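Below is one structure, written out as structure tokens, with a few remarks after it.
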Amino acid sequence: MDKLLISGGAQLQGSVSASGAKNAALPILAATLLASAPVTLTNVPRLRDITTTLELLRRLGADLSRENAADGSTQIVAQPTPLTNFAAPYELVKTMRASILVLGPLVARYGKADVSLPGGCAIGARPVTVHLDGLRALGANISVDGGYIRARAERLRGTRLVMEMVSVTGTENLLMAAALAQGETVIENAAREPEIVDLAEFLTTLGAKISGAGTAQIQIQGVNQLGGGTHRVMPDRIETGTFLVAAAMTGGRVRVTQTCPDCLDAVLRKLRDAGAVITTGADWIELDMQGQRPRAVDIHTAPHPAFPTDMQAQFCALNAIADGVGTVTEAIFENRFMHVPELQRMGADIRVEGNIAICRGIKQLTAAPVMATDLRASAGLVLAGLVAKGETLIDRVYHLDRGYDNIEAKLRGLGAQIQRVK
Ligand SMILES: CC(=O)N[C@H]1[C@@H](OP(=O)(O)OP(=O)(O)OC[C@H]2O[C@@H](n3ccc(=O)[nH]c3=O)[C@H](O)[C@@H]2O)O[C@H](CO)[C@@H](O)[C@@H]1O
Ligand SMILES: C=C(OP(=O)(O)O)C(=O)O
């Protein structure tokens, strides 16, 4: 099993480009199931979750090819082909919850889907009730049996959907389903993440009629058929934020290119509060920490445009070495502090009380063997390793590979001493 070995202490300097966003590429790949003409996706990141999604779509009978592009991303071409299978099996869904995203497209286009219930994961219970309630309201017949969601429908019918809670993949599933429903659907209390806007733009390229994506109310005028087209996946704002925190923690100066400064308002605000000088252009962000130790910041996670839960572990790592006390409140997932005991093994002074982590910054973490438990917890540990005294060995890096495209090479390009070991 791969591990990462990090020798802490280097101040990060230079420029790194953001990869395409995992959380945009996954729903967009699922949405290729809706297309009746060829689709080309560019700027697709090289991630384990992308490989898993391709495997899932191919098992359904989809015809997908993947090519490496010169910029290190991949390009995926989907040729329209009738599906042969409508089941997402447990063995794939358990490795990637986002497999649930095939549910909406399968029901909308083919009228049937058998998708394994994703169940919980390391960060929380993560039910999918709002996905199922929304599809039922669109006319699908849904039952849950033997761990599988069984959905059947004639043509879905548009309706007004009031989502009981703000769910990102829930909104995406319903948006994809409504695109082929008969008549108008209005999704109220929709999630507003930029990845939903990217999905809506992709669906619009295919011929869908959508307005309001990125707001809490999305209107979809269903069409009979969607075509094809080309779409560039948006940049990964969480990967971008992770590199910026790395720069801030090491006192360095890093420019992240090919990214989206407007997607990161809440994160940039906290980095400025931590003492970073931040400048932005149309598609780049530069953070200059001027050799200073960051100041501790208070974080409260909430749906976009507030502070993203997917950046919470990284800010715990920052607060661990910051000047002062920072309070981190995790309000999205009930169990997303798995990085804390690992950071404590590196000497961090963090106390968890319910959903609040109180981080009292210390000047220097000490390297230790640590265990990655989920994707962003792993990122937090990498950041801690970059500033710890000595050599940090991070086990279970496969979590990181789900969502970071070649993180060690990118960090090495900025001067970090990090390598993958077997
Ligand atoms: C592939 C992808 O895009 N994943 C992101 C997506 O996950 P995902 O879409 O799974 O997260 P949701 O937005 O659905 O979850 C938000 C909260 O709502 C709860 N909930 C959700 C649905 C439901 O039916 N019932 C319910 O109680 C969840 O348990 C969680 O506490 O948004 C999360 C929140 O920004 C991010 O951390 C993930 O990186
Ligand atoms: C929690 C995440 O992803 P997923 O929803 O795919 O588990 C994440 O990207 O941090």
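Residues are referred to by chain and number: the chain letter is A, B, ... according to the order shown in the structure tokens, the number counts from 1 in that chain, and ligands are numbered separately from 1 in the order shown.
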
Next item on the list: List every residue of region 44-214 of chain A that DSSP, applied to the backbone, labels as strand (DSSP E), and write the result as a ChimeraX atom specification.
Entry: /A:44,63-68,74-79,87-88,112-116,141-145,148-152,160-162,184-188,209-211

Mind dumping a table of every chain A residue within 6 Å of ligand 1, with the nearest atom pair and its distance in Å to one decimal, using only C-alpha atoms and all ligand atoms, sorted by chain and rising number, as a tab-separated table?
```
residue	atom	partner	partner_atom_place_in_ligand_line	distance
A:Asn23	CA	ligand 1	3 (O)	4.2
A:Ala98	CA	ligand 1	1 (C)	4.9
A:Ala125	CA	ligand 1	29 (O)	5.7
A:Arg126	CA	ligand 1	29 (O)	3.3
A:Pro127	CA	ligand 1	25 (N)	4.5
A:Val128	CA	ligand 1	24 (O)	3.5
A:Thr129	CA	ligand 1	24 (O)	3.6
A:Val130	CA	ligand 1	24 (O)	3.8
A:His131	CA	ligand 1	24 (O)	5.8
A:Val166	CA	ligand 1	13 (O)	6.0
A:Ser167	CA	ligand 1	13 (O)	3.3
A:Val168	CA	ligand 1	13 (O)	3.8
A:Thr169	CA	ligand 1	9 (O)	3.6
A:Gly170	CA	ligand 1	14 (O)	5.7
A:Pro303	CA	ligand 1	35 (O)	6.0
A:Thr309	CA	ligand 1	37 (O)	5.6
A:Asp310	CA	ligand 1	37 (O)	5.1
A:Ile332	CA	ligand 1	31 (O)	4.6
A:Phe333	CA	ligand 1	31 (O)	4.5
```

Residues within 9 Å of ligand 2, counting only C-alpha atoms and all ligand atoms: report them as a PDB file with C-alpha atoms, in the first residue's frame.
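Saved as pocket35.pdb:
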```pdb
ATOM      1  CA  LYS A  22     -13.435  16.065  -8.877  1.00  0.00           C
ATOM      2  CA  ASN A  23     -16.824  17.193  -7.627  1.00  0.00           C
ATOM      3  CA  LEU A  26     -18.185  13.129 -11.275  1.00  0.00           C
ATOM      4  CA  ASP A  49     -12.753   8.426  -8.341  1.00  0.00           C
ATOM      5  CA  MET A  96     -17.191   5.906  -4.092  1.00  0.00           C
ATOM      6  CA  ARG A  97     -20.399   7.364  -2.741  1.00  0.00           C
ATOM      7  CA  ALA A  98     -20.751   9.637  -5.764  1.00  0.00           C
ATOM      8  CA  SER A  99     -21.887   6.520  -7.703  1.00  0.00           C
ATOM      9  CA  CYS A 121     -18.538   6.673   5.319  1.00  0.00           C
ATOM     10  CA  ALA A 122     -15.741   7.799   7.600  1.00  0.00           C
ATOM     11  CA  ILE A 123     -17.073  11.358   7.834  1.00  0.00           C
ATOM     12  CA  VAL A 168     -25.060  18.923  -3.320  1.00  0.00           C
ATOM     13  CA  THR A 169     -25.330  15.539  -5.038  1.00  0.00           C
ATOM     14  CA  ILE A 238     -10.620  22.505  -2.931  1.00  0.00           C
ATOM     15  CA  THR A 309     -16.421  21.486   4.881  1.00  0.00           C
ATOM     16  CA  ASP A 310     -13.958  20.059   2.345  1.00  0.00           C
ATOM     17  CA  MET A 311     -11.407  22.694   3.517  1.00  0.00           C
ATOM     18  CA  ASP A 374     -10.569  10.040   4.498  1.00  0.00           C
ATOM     19  CA  LEU A 375      -9.796  12.328   1.616  1.00  0.00           C
ATOM     20  CA  ARG A 376      -9.512  15.752   3.251  1.00  0.00           C
ATOM     21  CA  ALA A 377      -8.169  14.365   6.539  1.00  0.00           C
ATOM     22  CA  ARG A 402      -9.435   9.685  -4.748  1.00  0.00           C
ATOM     23  CA  GLY A 403      -9.342  13.449  -5.013  1.00  0.00           C
TER      24      GLY A 403
END
```

Checklist line | Test item: residues at most 9 Å from Asn85 (chain A), only C-alpha atoms, excluding those fewer than 6 positions along its chain, as a PyMOL selection string | finding: chain A and resi 59-61+113

Item checked: Surrounding residues of Ile418 (chain A) excluding itself and chain neighbours under 3 positions, 7 Å, only C-alpha atoms, as a PyMOL selection string -> chain A and resi 4-7+408+412

Selected residues, N, CA and C atoms, written as a PDB file, in the first residue's frame, please.
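Final file, part03.pdb:
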```
ATOM      1  N   LEU A   4       3.085   8.177   1.876  1.00  0.00           N
ATOM      2  CA  LEU A   4       3.805   9.402   1.520  1.00  0.00           C
ATOM      3  C   LEU A   4       4.813   9.698   2.611  1.00  0.00           C
ATOM      4  N   LEU A   5       6.022  10.022   2.188  1.00  0.00           N
ATOM      5  CA  LEU A   5       7.079  10.373   3.126  1.00  0.00           C
ATOM      6  C   LEU A   5       7.403  11.848   2.915  1.00  0.00           C
ATOM      7  N   ILE A   6       7.239  12.626   3.972  1.00  0.00           N
ATOM      8  CA  ILE A   6       7.442  14.077   3.850  1.00  0.00           C
ATOM      9  C   ILE A   6       8.509  14.510   4.840  1.00  0.00           C
ATOM     10  N   SER A   7       9.468  15.252   4.304  1.00  0.00           N
ATOM     11  CA  SER A   7      10.476  15.831   5.175  1.00  0.00           C
ATOM     12  C   SER A   7      10.113  17.307   5.341  1.00  0.00           C
ATOM     13  N   GLU A 408       1.868  14.807  -4.874  1.00  0.00           N
ATOM     14  CA  GLU A 408       3.271  14.871  -4.457  1.00  0.00           C
ATOM     15  C   GLU A 408       4.128  15.561  -5.519  1.00  0.00           C
ATOM     16  N   ARG A 412       6.151  18.919  -4.894  1.00  0.00           N
ATOM     17  CA  ARG A 412       7.605  18.919  -5.144  1.00  0.00           C
ATOM     18  C   ARG A 412       7.977  20.097  -6.044  1.00  0.00           C
TER      19      ARG A 412
END
```

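Minimum atom-to-atom distances from A:Ala388, A:Met249, A:Cys263, A:Ile220 to Ala322 (chain A) were compared using only C-alpha atoms, and the lowest value belongs to A:Met249.
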
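Using only C-alpha atoms, the contacts of region 323-325 of chain A at a cut-off of 10 Å, with sequence neighbours closer than 5 positions omitted, comprise Ala274, Arg293, Pro294, Arg295, Ala296, Val297, Asp298, Leu318, Asp349, Ile350, Ile358, Cys359, Arg360, Gly361, Ile362 and Lys363 of chain A.
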
With N, CA and C atoms retained, could you export that selection as a PDB file, in the first residue's frame?
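Okay, again-v8.pdb is ready:
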```
ATOM      1  N   ALA A 274      -5.704  35.156   8.365  1.00  0.00           N
ATOM      2  CA  ALA A 274      -4.524  34.475   8.931  1.00  0.00           C
ATOM      3  C   ALA A 274      -3.242  35.266   8.670  1.00  0.00           C
ATOM      4  N   ARG A 293       4.484  33.544  10.427  1.00  0.00           N
ATOM      5  CA  ARG A 293       3.661  32.464  10.984  1.00  0.00           C
ATOM      6  C   ARG A 293       2.193  32.895  10.873  1.00  0.00           C
ATOM      7  N   PRO A 294       1.292  31.995  10.428  1.00  0.00           N
ATOM      8  CA  PRO A 294      -0.119  32.414  10.336  1.00  0.00           C
ATOM      9  C   PRO A 294      -0.731  32.694  11.711  1.00  0.00           C
ATOM     10  N   ARG A 295      -1.759  33.548  11.689  1.00  0.00           N
ATOM     11  CA  ARG A 295      -2.565  33.762  12.906  1.00  0.00           C
ATOM     12  C   ARG A 295      -3.704  32.736  12.894  1.00  0.00           C
ATOM     13  N   ALA A 296      -4.091  32.263  14.055  1.00  0.00           N
ATOM     14  CA  ALA A 296      -5.197  31.298  14.133  1.00  0.00           C
ATOM     15  C   ALA A 296      -6.496  31.957  13.665  1.00  0.00           C
ATOM     16  N   VAL A 297      -7.358  31.158  13.010  1.00  0.00           N
ATOM     17  CA  VAL A 297      -8.636  31.704  12.523  1.00  0.00           C
ATOM     18  C   VAL A 297      -9.796  30.824  12.995  1.00  0.00           C
ATOM     19  N   ASP A 298     -10.955  31.445  13.136  1.00  0.00           N
ATOM     20  CA  ASP A 298     -12.174  30.707  13.479  1.00  0.00           C
ATOM     21  C   ASP A 298     -12.879  30.321  12.181  1.00  0.00           C
ATOM     22  N   LEU A 318      -3.630  24.204   9.698  1.00  0.00           N
ATOM     23  CA  LEU A 318      -3.084  25.572   9.776  1.00  0.00           C
ATOM     24  C   LEU A 318      -3.160  26.098  11.208  1.00  0.00           C
ATOM     25  N   ASP A 349      -2.100  20.767  19.682  1.00  0.00           N
ATOM     26  CA  ASP A 349      -2.908  20.979  20.881  1.00  0.00           C
ATOM     27  C   ASP A 349      -4.325  21.299  20.412  1.00  0.00           C
ATOM     28  N   ILE A 350      -5.103  20.250  20.172  1.00  0.00           N
ATOM     29  CA  ILE A 350      -6.473  20.433  19.670  1.00  0.00           C
ATOM     30  C   ILE A 350      -7.406  19.637  20.577  1.00  0.00           C
ATOM     31  N   ILE A 358     -11.142  22.972  19.144  1.00  0.00           N
ATOM     32  CA  ILE A 358     -10.468  24.170  19.643  1.00  0.00           C
ATOM     33  C   ILE A 358      -8.966  23.950  19.474  1.00  0.00           C
ATOM     34  N   CYS A 359      -8.380  24.718  18.589  1.00  0.00           N
ATOM     35  CA  CYS A 359      -6.972  24.497  18.225  1.00  0.00           C
ATOM     36  C   CYS A 359      -6.116  25.603  18.841  1.00  0.00           C
ATOM     37  N   ARG A 360      -5.219  25.197  19.706  1.00  0.00           N
ATOM     38  CA  ARG A 360      -4.269  26.157  20.296  1.00  0.00           C
ATOM     39  C   ARG A 360      -2.947  25.969  19.565  1.00  0.00           C
ATOM     40  N   GLY A 361      -2.588  26.935  18.771  1.00  0.00           N
ATOM     41  CA  GLY A 361      -1.424  26.778  17.904  1.00  0.00           C
ATOM     42  C   GLY A 361      -0.130  26.592  18.672  1.00  0.00           C
ATOM     43  N   ILE A 362       0.718  25.700  18.162  1.00  0.00           N
ATOM     44  CA  ILE A 362       2.069  25.560  18.733  1.00  0.00           C
ATOM     45  C   ILE A 362       3.059  25.943  17.627  1.00  0.00           C
ATOM     46  N   LYS A 363       4.280  26.259  18.047  1.00  0.00           N
ATOM     47  CA  LYS A 363       5.256  26.748  17.056  1.00  0.00           C
ATOM     48  C   LYS A 363       5.694  25.659  16.082  1.00  0.00           C
TER      49      LYS A 363
END
```

Please provide the set of residues having any atom within 9 Å of region 76-83 of chain A, restricted to only C-alpha atoms, with same-chain residues fewer than 6 positions apart removed, written as an mmCIF file with C-alpha atoms, in the first residue's frame.
```
data_model
loop_
_atom_site.group_PDB
_atom_site.id
_atom_site.type_symbol
_atom_site.label_atom_id
_atom_site.label_comp_id
_atom_site.auth_asym_id
_atom_site.auth_seq_id
_atom_site.Cartn_x
_atom_site.Cartn_y
_atom_site.Cartn_z
ATOM 1 C CA LEU A 29 -19.586 12.003 -16.220
ATOM 2 C CA THR A 32 -23.110 11.726 -20.155
ATOM 3 C CA LEU A 33 -25.683 8.919 -19.704
ATOM 4 C CA LEU A 34 -28.281 11.468 -20.823
ATOM 5 C CA ALA A 35 -26.537 12.361 -24.103
ATOM 6 C CA SER A 36 -27.775 11.109 -27.492
ATOM 7 C CA ALA A 37 -24.750 12.392 -29.426
ATOM 8 C CA PRO A 38 -20.986 12.282 -28.762
ATOM 9 C CA VAL A 39 -19.638 14.172 -25.745
ATOM 10 C CA THR A 40 -16.079 15.358 -25.201
ATOM 11 C CA LEU A 41 -14.965 16.343 -21.718
ATOM 12 C CA THR A 42 -11.653 18.117 -21.229
ATOM 13 C CA ASN A 43 -9.686 19.024 -18.112
ATOM 14 C CA VAL A 44 -10.795 15.825 -16.392
ATOM 15 C CA ARG A 59 -20.482 -1.730 -16.705
ATOM 16 C CA LEU A 60 -23.764 -0.054 -17.593
ATOM 17 C CA GLY A 61 -22.736 -0.395 -21.237
ATOM 18 C CA ALA A 62 -21.481 3.146 -21.886
ATOM 19 C CA ASP A 63 -18.829 3.630 -24.550
ATOM 20 C CA LEU A 64 -16.136 5.856 -23.054
ATOM 21 C CA SER A 65 -12.564 6.440 -24.100
ATOM 22 C CA ARG A 66 -9.915 8.277 -22.190
ATOM 23 C CA GLU A 67 -6.817 10.018 -23.522
ATOM 24 C CA ASN A 68 -4.047 11.894 -21.785
ATOM 25 C CA TYR A 110 -34.259 4.581 -19.196
ATOM 26 C CA GLY A 228 -23.900 16.057 -27.313
#
```

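Minimum atom-to-atom distances from A:Gly9, A:Thr159, A:Ile142, A:Ala179 to Thr366 (chain A) were compared using only C-alpha atoms, and the lowest value belongs to A:Gly9.
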
Checklist line | Distance in Å - CA of Glu91 (chain A) versus CA of Leu56 (chain A) | finding: 10.1 Å
